[in-house]
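Undergrad: Below you'll find the structure I mean.
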Amino acid sequence: MKYVDEFRDGEVARGLASAIAREVQPGRRYHFMEFCGGHTHAMARYGVTDLLPETVRMIHGPGCPVCVLPIGRIDLGIQLALEQKVILATYADTLRVPAGGGLSLMKAKARGGDIRMVYSSADALELARKNPGRQVVFLAIGFETTTPPTALAIKVARAEGLANFSVLCNHVLTPSAITHILESPEVRKYGTVPLDGFVGPSHVSTVIGSRPFEHFAREYRKPVVIAGFEPLDVMQAVRQLVRQVNEGRAEVENEFSRAVTRDGNRKAQALVSEVFELRRSFEWRGLGEVPYSALQIRAAFAEHDAERRYGLTYKPVPDHKACECGAILRGVKRPQDCKLFATVCTPENPMGSCMVSSEGACAAHYSYGRFRDSEAKVHLAVQTA
Amino acid sequence: MSPVRPGYVKPLDLQQGVVDLSHGGGGRAMNQLIEEVFLRALDNPLLRQGNDGAVLPLVAPPGGRLVMATDAHVVSPLFFPGGDIGCLSVHGTLNDVAVMGARPLWLAAGFILEEGFPLADLRRIAASMGKAAADAGVPIVTGDTKVVEQGKGDGVFITTTGVGVVEPGVELSGDRARPGDAIVLSGTIGDHGMAIMSKREDLNFDAPIESDTAALHTLVQAMLRADADLRVVRDPTRGGLAATLNEIARQSGVGMHLEEAAITVKPAVEAACELLGLDPLYVANEGKLVAVCGEAGLPALLEAMRAHPLGAGASRIGTVVADDNQFVQMKTRFGGRRIVEWLSGEQLPRIC
């Protein structure tokens, strides 16, 4: 397939793999975080790890919108569907996220909640148009990529006078999450999570541009290479990161220049700031409360804000005690380090959020990579013997 | 001449008419629907007996065994490029019988119709079933019709059951794969699922993706005649190739190593999958099969399959290996390795 196959070419991959192998310095270890679930998924699906030298370790970051959505926010959606009897429109991924009281949106649907799966905010608007006698709430999630479409839906609803359409906004911000990780005690003080650089987000950067990442490079001395979601993009980004580390540079480089500019999509940014404003604080699953890390709907659009309309109050719900999603999202642990992984926590029956979305670190490792764990054990056994 | 006037039965309006509750009531209306729609489309002497059940001869040779399989069909939309629920309901069950190594002999069909369903559509579906059954040489010998109120069904649901005979000595079963065996696929994957999805999502391609729905029994019989040490045959329907291979791995207690480069996907199917974020390995097929055979039998098996129109694209896609974890692993075209896991959740509801 034109414009897709070129970025998945095995020949080119082998060439890049040997280039990286030549460039890594002997005795040096490299730790890079791919922030986005899209990168995590691409690496797992194409087996990119097999093509990287053993001394390059990839840490899966928190860039999976479903994974970082806290239980309490899903509970609000369930409350709207079951108690307020609204039509709750949401992306398919959110349906299976385990919520409070043994529920999930899918289980709430089976209990009579009118919960509909949509592909876009435009589908949710269409539901509101077709059901004038019902209230339709769009459970909006995602990073900067999905925020402009939500903003647009709110503006269209205002223009069309769709009084029965509102949004439960859970949009979060990438740069705040990266700052939070860089400021975390594991990275700053204890050094338990060595972090030498970031593979920067691709789709998010098409909207916000590469400029916001310059701060990390400057302030924290961490190189950032913005990369597309195809496997060759990831490998090229790793190569550029290895070079920066070797040369002692910490710059923002843009591997995804076919879609990302320094300034991003100004029109989308203007739309977002017209409809949304910063939240003082927002809970991220795995990261806890992160200041100024999410968006809320401006008072000017209050009639389309489900939180205001239904007077919703957020109640935090702790994760399962043994669930390591938090540590995994911060890069402190790997999925296979969690006791629940692949025992009671599987994609069919996820206990934690990283197992829910195919972009989650646990789901990606479970679905694509866990055969390596048995090889690792054999390897260890041979070494000890 | 008898003075009693024969009751006049107004023929069904097969252009504008719709199914109503009386068509499932057991009275004249139901009888008329059976006569004018189903019998006309599916006619054969056994069905025409008109009894509660079909009386069938005992045909299994000494040492032979009967195979029976059933399959419910709820596909939406009912009509899709390359087929419809009618021929699909015939192929689906025939294939389940065929992959057990059996020669399918008879089919039974149960219809659940929704009140208000257009009779014209029903006639089209019945005609498609009749043609599929006649092409396969397997008659539909008994059936049943029920009607549910509007809103309680979705047009029409069809359940079919098939009976076939396995010759003595033929042993096909999912638990017979052994380390070293070859894994063979009969053609491209994902055609059926993406034909349905592109219709549902209104994706228009220059050449539309067509369902691969087909009856596989003659292909399976040709494979059996090849004397290729055939151990397992399966049709990868819902859950796609991934689910079928995992089923075999689990039943046999083995692992598998696949080569992604050997698994072919039509460009339009691949493009549609890419657009909708789907993996063709998990997309349903209705006219493909997976076979496991002893390594020595592989050349004979491939030759027999490629000589049949439905197996023209047959190729080896991997090897059975010993693995207590029963992982189905795949070397990607990219050069890395990954697991091919079971499908989790439901990628595509109501695909067949």
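By convention in this document, the chains of the structure tokens carry letters A, B, ... by their order, each chain's residues are numbered from 1, and ligands are numbered from 1 in the order they are shown.
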Which neighbours of Ala92 (chain A) fall inside 9 Å, counting only C-alpha atoms, when residues of the same chain fewer than 4 positions from it are skipped, and could you give them as an NGL selection string?
TA: :A and (96 or 116-119)
Undergrad: Could you dump the residues just selected with C-alpha atoms as a tab-separated table (two decimals), in the first residue's frame?
TA:
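Produced file part.tsv, reproduced below:
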chain	number	residue	atom	x	y	z
A	96	ARG	CA	-14.00	-1.76	28.92
A	116	ARG	CA	-23.29	4.32	22.41
A	117	MET	CA	-19.96	3.78	20.73
A	118	VAL	CA	-18.91	6.59	18.41
A	119	TYR	CA	-15.93	7.11	16.13
Undergrad: Name the residues in contact with Leu275 (chain B) at a cut-off of 12 Å, using only C-alpha atoms, excluding same-chain residues fewer than 4 positions from it; report them as a PyMOL selection string.
TA: (chain A and resi 1+4) or (chain B and resi 194+197-198+201+203-204+268-271+279-280)
Undergrad: Check every residue of chain A for an atom within 6 Å of chain B, counting only C-alpha atoms, and provide those that qualify as a ChimeraX atom specification.
TA: /A:8-10,46-48,50,348,367-369
Undergrad: Atoms to include: C-alpha atoms. Write the selected residues as an mmCIF file, in the first residue's frame.
TA:
data_model
loop_
_atom_site.group_PDB
_atom_site.id
_atom_site.type_symbol
_atom_site.label_atom_id
_atom_site.label_comp_id
_atom_site.auth_asym_id
_atom_site.auth_seq_id
_atom_site.Cartn_x
_atom_site.Cartn_y
_atom_site.Cartn_z
ATOM 1 C CA ARG A 8 7.263 -0.724 7.279
ATOM 2 C CA ASP A 9 9.919 -1.959 4.925
ATOM 3 C CA GLY A 10 11.944 -4.831 6.335
ATOM 4 C CA TYR A 46 6.223 -5.014 14.424
ATOM 5 C CA GLY A 47 8.680 -6.442 16.918
ATOM 6 C CA VAL A 48 10.937 -3.369 16.827
ATOM 7 C CA ASP A 50 14.199 -7.364 18.249
ATOM 8 C CA GLU A 348 -10.356 -9.979 28.590
ATOM 9 C CA SER A 367 -0.662 -9.363 23.163
ATOM 10 C CA TYR A 368 2.601 -9.128 21.297
ATOM 11 C CA GLY A 369 5.673 -9.567 23.426
#
Undergrad: Considering only C-alpha atoms, return as JSON, numbers by chain whatever protein or nucleic-acid residues lie within 12 Å of Arg350 (chain B), sequence-local ones (same chain, fewer than 4 positions apart) excluded.
TA: {"B": [72, 73, 74, 75, 76, 77, 78, 85, 154, 157, 192, 193, 196, 197, 200, 237, 238, 239, 284, 346]}
Undergrad: How far is it from CA of Lys131 (chain B) to CA of Leu33 (chain B), in Å with one decimal?
TA: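 We find that CA of Lys131 (chain B) and CA of Leu33 (chain B) lie 18.9 Å from each other.
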Undergrad: Write out as a ChimeraX atom specification each polymer residue whose atoms come within 9 Å of Tyr30 (chain A), counting only C-alpha atoms; drop sequence neighbours fewer than 4 positions from it.
TA: /A:24,55-58,194-197,242,245
Undergrad: Where in region 298-346 of chain B does DSSP assign helix (DSSP H, G or I), given as a PyMOL selection string?
TA: chain B and resi 298-306+309-311
Undergrad: Might you pull out every residue within 9 Å of Gly255 (chain B), with only C-alpha atoms counted and same-chain residues fewer than 2 positions away left off, and present them as a PyMOL selection string?
TA: chain B and resi 179+246+249-250+252-253+257+319-329
Undergrad: Extract, using only C-alpha atoms, all DNA, RNA and protein residues at most 12 Å from Gly169 (chain B), discarding same-chain residues fewer than 5 positions from it, and format them as a ChimeraX atom specification.
TA: /B:61-65,101-102,224-225,227,229-231
Undergrad: Please provide as a ChimeraX atom specification all residues within 9 Å of Ala134 (chain B), with the sequence filter that same-chain residues fewer than 5 positions apart are discarded (counting only C-alpha atoms).
TA: /B:42,129,139
Undergrad: Using only C-alpha atoms, which residue out of B:Gly162, B:Gly27, B:Pro81, B:Gly311 lies closest to Leu105 (chain B)?
TA: B:Gly162
Undergrad: In Å to one decimal, how far is CA of Pro70 (chain A) from CA of Gly352 (chain A)?
TA: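 Computing it gives 10.2 Å between the two atoms.
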Undergrad: Going by DSSP on the backbone, which bits of region 194-381 of chain A are strand (DSSP E)? Write them as an MDAnalysis selection string, please.
TA: chainID A and resid 197:200 224:226 252:254 276:278 281:284 288:291 295:297
Undergrad: Keeping C-alpha atoms, export the residues of the selection given above as a PDB file, in the first residue's frame.
TA:
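What landed in again10.pdb:
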ATOM      1  CA  GLY A 197      15.661  11.052  26.097  1.00  0.00           C
ATOM      2  CA  PHE A 198      12.164  10.975  24.660  1.00  0.00           C
ATOM      3  CA  VAL A 199      10.588   9.760  21.475  1.00  0.00           C
ATOM      4  CA  GLY A 200       8.144  12.649  21.153  1.00  0.00           C
ATOM      5  CA  VAL A 224      13.464  14.814  22.222  1.00  0.00           C
ATOM      6  CA  VAL A 225      12.929  13.332  18.776  1.00  0.00           C
ATOM      7  CA  ILE A 226       9.391  13.726  17.479  1.00  0.00           C
ATOM      8  CA  VAL A 252      14.390  18.825  19.795  1.00  0.00           C
ATOM      9  CA  GLU A 253      14.626  17.057  16.474  1.00  0.00           C
ATOM     10  CA  ASN A 254      11.702  16.449  14.201  1.00  0.00           C
ATOM     11  CA  PHE A 276     -11.296  25.351  26.786  1.00  0.00           C
ATOM     12  CA  GLU A 277      -9.223  26.668  29.653  1.00  0.00           C
ATOM     13  CA  LEU A 278      -6.684  25.031  31.960  1.00  0.00           C
ATOM     14  CA  SER A 281      -5.429  20.135  38.710  1.00  0.00           C
ATOM     15  CA  PHE A 282      -6.515  16.806  37.265  1.00  0.00           C
ATOM     16  CA  GLU A 283      -6.047  13.255  38.465  1.00  0.00           C
ATOM     17  CA  TRP A 284      -4.162  10.946  36.093  1.00  0.00           C
ATOM     18  CA  GLY A 288      -1.958  11.079  40.610  1.00  0.00           C
ATOM     19  CA  GLU A 289      -2.951  14.755  40.743  1.00  0.00           C
ATOM     20  CA  VAL A 290      -0.995  16.706  38.157  1.00  0.00           C
ATOM     21  CA  PRO A 291      -1.289  20.511  38.287  1.00  0.00           C
ATOM     22  CA  LEU A 295      -8.639  21.234  30.147  1.00  0.00           C
ATOM     23  CA  GLN A 296     -12.119  22.276  31.180  1.00  0.00           C
ATOM     24  CA  ILE A 297     -14.869  23.963  29.210  1.00  0.00           C
TER      25      ILE A 297
END
Undergrad: For Ala81 (chain A), which residue among A:Ser273, A:Ser120, A:Ser104, A:Thr313 is the nearest when counting only C-alpha atoms?
TA: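 Ranking A:Ser273, A:Ser120, A:Ser104, A:Thr313 by distance to Ala81 (chain A), first place goes to A:Ser104.
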